[in-house]
file upload_27.cif (mmCIF, C-alpha atoms)
data_entry
#
loop_
_atom_site.label_atom_id
_atom_site.label_comp_id
_atom_site.auth_asym_id
_atom_site.auth_seq_id
_atom_site.Cartn_x
_atom_site.Cartn_y
_atom_site.Cartn_z
CA MET A 1 -136.94 7.85 24.38
CA THR A 2 -137.75 8.62 27.99
CA ALA A 3 -135.46 9.91 30.69
CA LEU A 4 -135.76 9.42 34.43
CA VAL A 5 -134.94 12.32 36.75
CA THR A 6 -135.07 11.73 40.50
CA ALA A 7 -134.22 13.49 43.72
CA GLY A 8 -134.87 12.69 47.35
CA ILE A 9 -134.48 14.21 50.78
CA THR A 10 -135.39 13.59 54.40
CA ILE A 11 -137.49 16.41 55.88
CA ARG A 12 -137.99 16.85 59.61
CA ALA A 13 -141.77 17.16 59.25
CA THR A 14 -144.68 14.72 59.10
CA PRO A 15 -145.89 13.33 55.76
CA GLU A 16 -149.14 15.25 56.29
CA ARG A 17 -147.27 18.55 56.51
CA VAL A 18 -145.00 17.76 53.54
CA TYR A 19 -147.97 16.61 51.44
CA GLU A 20 -149.92 19.81 52.20
CA ALA A 21 -146.94 21.91 51.09
CA LEU A 22 -146.62 19.92 47.86
CA ILE A 23 -150.28 20.31 46.85
CA ASP A 24 -150.20 24.03 47.58
CA TRP A 25 -149.40 24.38 43.88
CA GLU A 26 -148.97 28.14 43.75
CA SER A 27 -146.52 28.16 46.67
CA GLN A 28 -144.23 25.75 44.81
CA GLY A 29 -142.60 28.79 43.23
CA THR A 30 -141.15 29.63 46.64
CA TRP A 31 -139.04 26.48 46.61
CA ILE A 32 -138.70 25.31 42.99
CA PRO A 33 -135.86 27.38 41.46
CA LEU A 34 -136.80 30.11 38.98
CA THR A 35 -140.41 28.90 38.79
CA THR A 36 -143.87 30.43 39.02
CA VAL A 37 -146.80 28.02 39.41
CA ARG A 38 -150.54 28.57 39.00
CA VAL A 39 -153.66 26.44 38.70
CA THR A 40 -155.25 27.20 35.33
CA GLU A 41 -158.20 24.78 35.50
CA GLY A 42 -159.97 23.26 38.49
CA ASP A 43 -159.41 23.61 42.21
CA GLY A 44 -155.97 21.98 42.42
CA GLY A 45 -157.47 18.52 42.92
CA VAL A 46 -157.58 15.52 40.60
CA GLY A 47 -158.26 16.62 37.02
CA SER A 48 -156.94 20.14 37.58
CA VAL A 49 -154.42 21.69 35.21
CA VAL A 50 -151.34 23.33 36.71
CA GLU A 51 -148.93 25.53 34.77
CA ALA A 52 -145.33 26.08 35.85
CA VAL A 53 -143.16 28.66 34.10
CA THR A 54 -139.47 28.03 34.72
CA GLY A 55 -136.55 30.21 33.70
CA VAL A 56 -135.85 33.86 33.08
CA GLY A 57 -137.15 35.90 30.13
CA PRO A 58 -136.51 34.25 26.77
CA ALA A 59 -134.72 31.37 28.52
CA SER A 60 -137.96 30.13 30.10
CA PHE A 61 -140.40 27.36 29.27
CA VAL A 62 -143.95 26.42 30.23
CA ASP A 63 -144.63 23.06 31.87
CA VAL A 64 -148.33 22.12 31.80
CA MET A 65 -149.42 19.31 34.14
CA ARG A 66 -152.69 17.55 34.80
CA VAL A 67 -153.20 16.29 38.36
CA GLU A 68 -153.75 12.53 37.96
CA ALA A 69 -153.99 11.23 41.53
CA LEU A 70 -153.87 12.51 45.10
CA GLU A 71 -153.38 9.89 47.81
CA PRO A 72 -152.97 11.90 51.02
CA PRO A 73 -150.59 12.09 52.72
CA TYR A 74 -148.28 9.91 50.67
CA THR A 75 -148.50 10.25 46.89
CA ILE A 76 -149.14 12.93 44.29
CA ARG A 77 -149.16 11.98 40.59
CA VAL A 78 -149.16 14.38 37.67
CA MET A 79 -148.91 14.01 33.91
CA HIS A 80 -146.85 16.61 32.08
CA VAL A 81 -148.87 17.39 28.93
CA GLY A 82 -147.14 20.47 27.51
CA LYS A 83 -145.30 20.93 24.24
CA LEU A 84 -141.80 20.62 25.71
CA VAL A 85 -142.24 18.57 28.90
CA ARG A 86 -144.29 15.37 28.63
CA GLY A 87 -144.60 12.29 30.84
CA PRO A 88 -145.51 11.23 34.38
CA GLY A 89 -144.22 12.76 37.58
CA VAL A 90 -144.70 11.68 41.19
CA PHE A 91 -143.98 12.91 44.70
CA ARG A 92 -143.84 10.14 47.32
CA CYS A 93 -143.78 10.76 51.07
CA VAL A 94 -142.68 7.93 53.36
CA ARG A 95 -143.18 8.24 57.12
CA ARG A 96 -140.07 7.56 59.17
CA GLY A 97 -140.12 6.26 62.74
CA ASP A 98 -138.48 9.44 64.02
CA GLY A 99 -141.36 11.69 62.86
CA ALA A 100 -139.57 12.82 59.70
CA THR A 101 -140.51 12.14 56.08
CA ASP A 102 -138.46 10.72 53.23
CA LEU A 103 -139.59 12.59 50.11
CA GLU A 104 -138.84 11.34 46.60
CA TRP A 105 -139.48 13.36 43.43
CA ARG A 106 -139.47 11.33 40.18
CA GLU A 107 -140.08 12.48 36.63
CA ARG A 108 -140.11 10.13 33.61
CA LEU A 109 -139.96 12.52 30.70
CA GLU A 110 -140.23 12.04 26.96
CA LEU A 111 -137.15 13.67 25.49
CA PRO A 112 -138.00 16.33 22.90
CA GLY A 113 -135.94 16.98 19.80
CA GLY A 114 -135.52 13.44 18.46
CA ARG A 115 -131.90 12.38 18.03
CA ALA A 116 -130.59 15.77 19.18
CA GLY A 117 -132.60 15.44 22.41
CA ARG A 118 -131.21 11.95 23.05
CA LEU A 119 -127.65 13.09 22.40
CA GLY A 120 -128.05 16.23 24.51
CA TRP A 121 -129.70 14.54 27.50
CA PRO A 122 -126.43 13.45 29.17
CA LEU A 123 -125.43 17.12 29.22
CA VAL A 124 -128.79 18.33 30.55
CA ARG A 125 -129.47 15.59 33.12
CA PRO A 126 -127.01 16.74 35.82
CA GLY A 127 -128.54 20.23 35.79
CA ALA A 128 -132.08 18.86 35.88
CA GLU A 129 -131.32 16.63 38.86
CA ALA A 130 -129.42 19.41 40.63
CA SER A 131 -132.43 21.70 40.18
CA LEU A 132 -134.78 19.11 41.72
CA LYS A 133 -132.40 18.56 44.65
CA TRP A 134 -132.00 22.31 45.17
CA GLY A 135 -135.78 22.70 45.23
CA LEU A 136 -136.20 19.89 47.75
CA ARG A 137 -133.55 21.42 50.04
CA ARG A 138 -135.40 24.75 49.88
CA LEU A 139 -138.71 23.02 50.69
CA ALA A 140 -137.10 21.20 53.62
CA ARG A 141 -135.72 24.48 55.00
CA GLN A 142 -139.15 26.11 54.72
CA LEU A 143 -140.95 23.24 56.44
CA GLU A 144 -138.32 22.82 59.14
CA THR A 145 -138.11 26.51 60.06
CA THR A 146 -141.65 27.90 59.62
CA ALA A 147 -145.23 26.94 60.33
CA TRP A 148 -146.73 25.89 57.00
#

call {"tool": "encode", "arguments": {"input": "upload_27.cif", "output": "structure tokens"}}
result
Amino acid sequence: MTALVTAGITIRATPERVYEALIDWESQGTWIPLTTVRVTEGDGGVGSVVEAVTGVGPASFVDVMRVEALEPPYTIRVMHVGKLVRGPGVFRCVRRGDGATDLEWRERLELPGGRAGRLGWPLVRPGAEASLKWGLRRLARQLETTAW
């Protein structure tokens, strides 16, 4: 079974600026809650492998992603290929007429744990979506208040 997790926000910055912040993989830890990100293979471009460690101490997990497509300044596609998190993810930037950007973050994840994972998902989903939204609000604050 797969689960869809989405979050969106309007950021008062151009798609080019938002896109550049998103593909600065290692800086994602400044806005994604409790996360450290690093490129483990490649230069961060298509085909690169990116590793995100989320959580604290023993309550953390590793999310391994392969960069599938970069379509500047609008779309970034990754494939989560780790043991726990698997499935496609996408960031989409849409230019608004007022100079801002609508940013959508979507993850379609294969639920681990078989039946237990399916039964537990309704309990986990609100926290997962809240975490994405929190991260996007932090990114928006960074982009709206500093030079990236």

call {"tool": "resolve_selection", "arguments": {"input": "upload_27.cif", "expression": "the PyMOL selection byres ((chain A and resi 102-109) around 9)", "output": "MDAnalysis selection string"}}
result
chainID A and resid 1:12 15 18 80 85:96 100:101 110:112 132:133 136

call {"tool": "resolve_selection", "arguments": {"input": "upload_27.cif", "expression": "the PyMOL selection byres ((chain A and resi 40) around 6)", "output": "PyMOL selection string"}}
result
chain A and resi 39+41+49-50

call {"tool": "atom_distance", "arguments": {"input": "upload_27.cif", "atom1": "CA of Glu144 (chain A)", "atom2": "CA of Glu26 (chain A)"}}
result
19.5 Å

call {"tool": "resolve_selection", "arguments": {"input": "upload_27.cif", "expression": "the PyMOL selection byres ((chain A and resi 59-67) around 8)", "output": "short mmCIF file (atom, residue, chain, number, x, y, z; two decimals) with C-alpha atoms, in the coordinates of the input"}}
result
data_model
loop_
_atom_site.label_atom_id
_atom_site.label_comp_id
_atom_site.auth_asym_id
_atom_site.auth_seq_id
_atom_site.Cartn_x
_atom_site.Cartn_y
_atom_site.Cartn_z
CA GLY A 44 -155.97 21.98 42.42
CA GLY A 45 -157.47 18.52 42.92
CA VAL A 46 -157.58 15.52 40.60
CA GLY A 47 -158.26 16.62 37.02
CA SER A 48 -156.94 20.14 37.58
CA VAL A 49 -154.42 21.69 35.21
CA VAL A 50 -151.34 23.33 36.71
CA GLU A 51 -148.93 25.53 34.77
CA ALA A 52 -145.33 26.08 35.85
CA VAL A 53 -143.16 28.66 34.10
CA THR A 54 -139.47 28.03 34.72
CA GLY A 55 -136.55 30.21 33.70
CA VAL A 56 -135.85 33.86 33.08
CA GLY A 57 -137.15 35.90 30.13
CA PRO A 58 -136.51 34.25 26.77
CA GLU A 68 -153.75 12.53 37.96
CA ALA A 69 -153.99 11.23 41.53
CA LEU A 70 -153.87 12.51 45.10
CA ILE A 76 -149.14 12.93 44.29
CA ARG A 77 -149.16 11.98 40.59
CA VAL A 78 -149.16 14.38 37.67
CA MET A 79 -148.91 14.01 33.91
CA HIS A 80 -146.85 16.61 32.08
CA VAL A 81 -148.87 17.39 28.93
CA GLY A 82 -147.14 20.47 27.51
CA LYS A 83 -145.30 20.93 24.24
CA LEU A 84 -141.80 20.62 25.71
CA VAL A 85 -142.24 18.57 28.90
#

call {"tool": "closest_residue", "arguments": {"input": "upload_27.cif", "among": "A:Arg141, A:Trp134, A:Ala128, A:Ile23", "to": "Val37 (chain A)", "atoms": "all atoms listed in the file"}}
result
A:Ile23

call {"tool": "closest_residue", "arguments": {"input": "upload_27.cif", "among": "A:Gly42, A:Leu123, A:Glu71, A:Arg138", "to": "Glu20 (chain A)", "atoms": "only C-alpha atoms"}}
result
A:Glu71

call {"tool": "atom_distance", "arguments": {"input": "upload_27.cif", "atom1": "CA of Arg137 (chain A)", "atom2": "CA of Thr30 (chain A)"}}
result
11.7 Å

call {"tool": "atom_distance", "arguments": {"input": "upload_27.cif", "atom1": "CA of Gly113 (chain A)", "atom2": "CA of Thr35 (chain A)"}}
result
22.9 Å

call {"tool": "build_atoms", "arguments": {"input": "upload_27.cif", "residues": "region 98-128 of chain A", "atoms": "N, CA and C atoms", "output": "short mmCIF file (atom, residue, chain, number, x, y, z; two decimals), in the coordinates of the input"}}
result
data_model
loop_
_atom_site.label_atom_id
_atom_site.label_comp_id
_atom_site.auth_asym_id
_atom_site.auth_seq_id
_atom_site.Cartn_x
_atom_site.Cartn_y
_atom_site.Cartn_z
N ASP A 98 -138.90 8.32 63.19
CA ASP A 98 -138.48 9.44 64.02
C ASP A 98 -139.34 10.69 63.81
N GLY A 99 -140.46 10.56 63.09
CA GLY A 99 -141.36 11.69 62.86
C GLY A 99 -141.03 12.48 61.61
N ALA A 100 -139.96 12.13 60.94
CA ALA A 100 -139.57 12.82 59.70
C ALA A 100 -140.21 12.11 58.51
N THR A 101 -139.97 12.68 57.33
CA THR A 101 -140.51 12.14 56.08
C THR A 101 -139.40 12.01 55.05
N ASP A 102 -139.32 10.86 54.40
CA ASP A 102 -138.46 10.72 53.23
C ASP A 102 -139.31 11.11 52.03
N LEU A 103 -138.86 12.11 51.28
CA LEU A 103 -139.59 12.59 50.11
C LEU A 103 -138.80 12.27 48.86
N GLU A 104 -139.46 11.64 47.89
CA GLU A 104 -138.84 11.34 46.60
C GLU A 104 -139.63 12.06 45.52
N TRP A 105 -138.90 12.68 44.59
CA TRP A 105 -139.48 13.36 43.43
C TRP A 105 -138.96 12.65 42.20
N ARG A 106 -139.86 12.08 41.40
CA ARG A 106 -139.47 11.33 40.18
C ARG A 106 -140.22 11.88 38.98
N GLU A 107 -139.50 12.05 37.91
CA GLU A 107 -140.08 12.48 36.63
C GLU A 107 -139.58 11.52 35.55
N ARG A 108 -140.49 10.94 34.78
CA ARG A 108 -140.11 10.13 33.61
C ARG A 108 -140.58 10.92 32.40
N LEU A 109 -139.63 11.55 31.73
CA LEU A 109 -139.96 12.52 30.70
C LEU A 109 -139.62 12.01 29.31
N GLU A 110 -140.51 12.33 28.36
CA GLU A 110 -140.23 12.04 26.96
C GLU A 110 -139.26 13.11 26.48
N LEU A 111 -138.14 12.70 25.95
CA LEU A 111 -137.15 13.67 25.49
C LEU A 111 -137.58 14.32 24.18
N PRO A 112 -137.64 15.64 24.15
CA PRO A 112 -138.00 16.33 22.90
C PRO A 112 -136.79 16.40 21.97
N GLY A 113 -137.03 16.70 20.74
CA GLY A 113 -135.94 16.98 19.80
C GLY A 113 -135.34 15.78 19.11
N GLY A 114 -136.01 14.62 19.18
CA GLY A 114 -135.52 13.44 18.46
C GLY A 114 -134.10 13.06 18.84
N ARG A 115 -133.29 12.82 17.82
CA ARG A 115 -131.90 12.38 18.03
C ARG A 115 -131.09 13.42 18.80
N ALA A 116 -131.32 14.70 18.48
CA ALA A 116 -130.59 15.77 19.18
C ALA A 116 -130.92 15.76 20.67
N GLY A 117 -132.19 15.52 21.01
CA GLY A 117 -132.60 15.44 22.41
C GLY A 117 -131.93 14.28 23.12
N ARG A 118 -131.86 13.13 22.45
CA ARG A 118 -131.21 11.95 23.05
C ARG A 118 -129.72 12.20 23.26
N LEU A 119 -129.09 12.82 22.29
CA LEU A 119 -127.65 13.09 22.40
C LEU A 119 -127.36 14.17 23.44
N GLY A 120 -128.26 15.14 23.57
CA GLY A 120 -128.05 16.23 24.51
C GLY A 120 -128.42 15.90 25.95
N TRP A 121 -129.23 14.86 26.16
CA TRP A 121 -129.70 14.54 27.50
C TRP A 121 -128.57 14.34 28.51
N PRO A 122 -127.50 13.62 28.17
CA PRO A 122 -126.43 13.45 29.17
C PRO A 122 -125.83 14.78 29.64
N LEU A 123 -125.92 15.81 28.82
CA LEU A 123 -125.43 17.12 29.22
C LEU A 123 -126.43 17.87 30.08
N VAL A 124 -127.72 17.63 29.84
CA VAL A 124 -128.79 18.33 30.55
C VAL A 124 -129.13 17.66 31.88
N ARG A 125 -129.02 16.35 31.94
CA ARG A 125 -129.47 15.59 33.12
C ARG A 125 -128.86 16.08 34.43
N PRO A 126 -127.55 16.29 34.53
CA PRO A 126 -127.01 16.74 35.82
C PRO A 126 -127.64 18.05 36.31
N GLY A 127 -127.90 18.97 35.41
CA GLY A 127 -128.54 20.23 35.79
C GLY A 127 -129.98 20.03 36.22
N ALA A 128 -130.68 19.14 35.52
CA ALA A 128 -132.08 18.86 35.88
C ALA A 128 -132.16 18.24 37.27
#
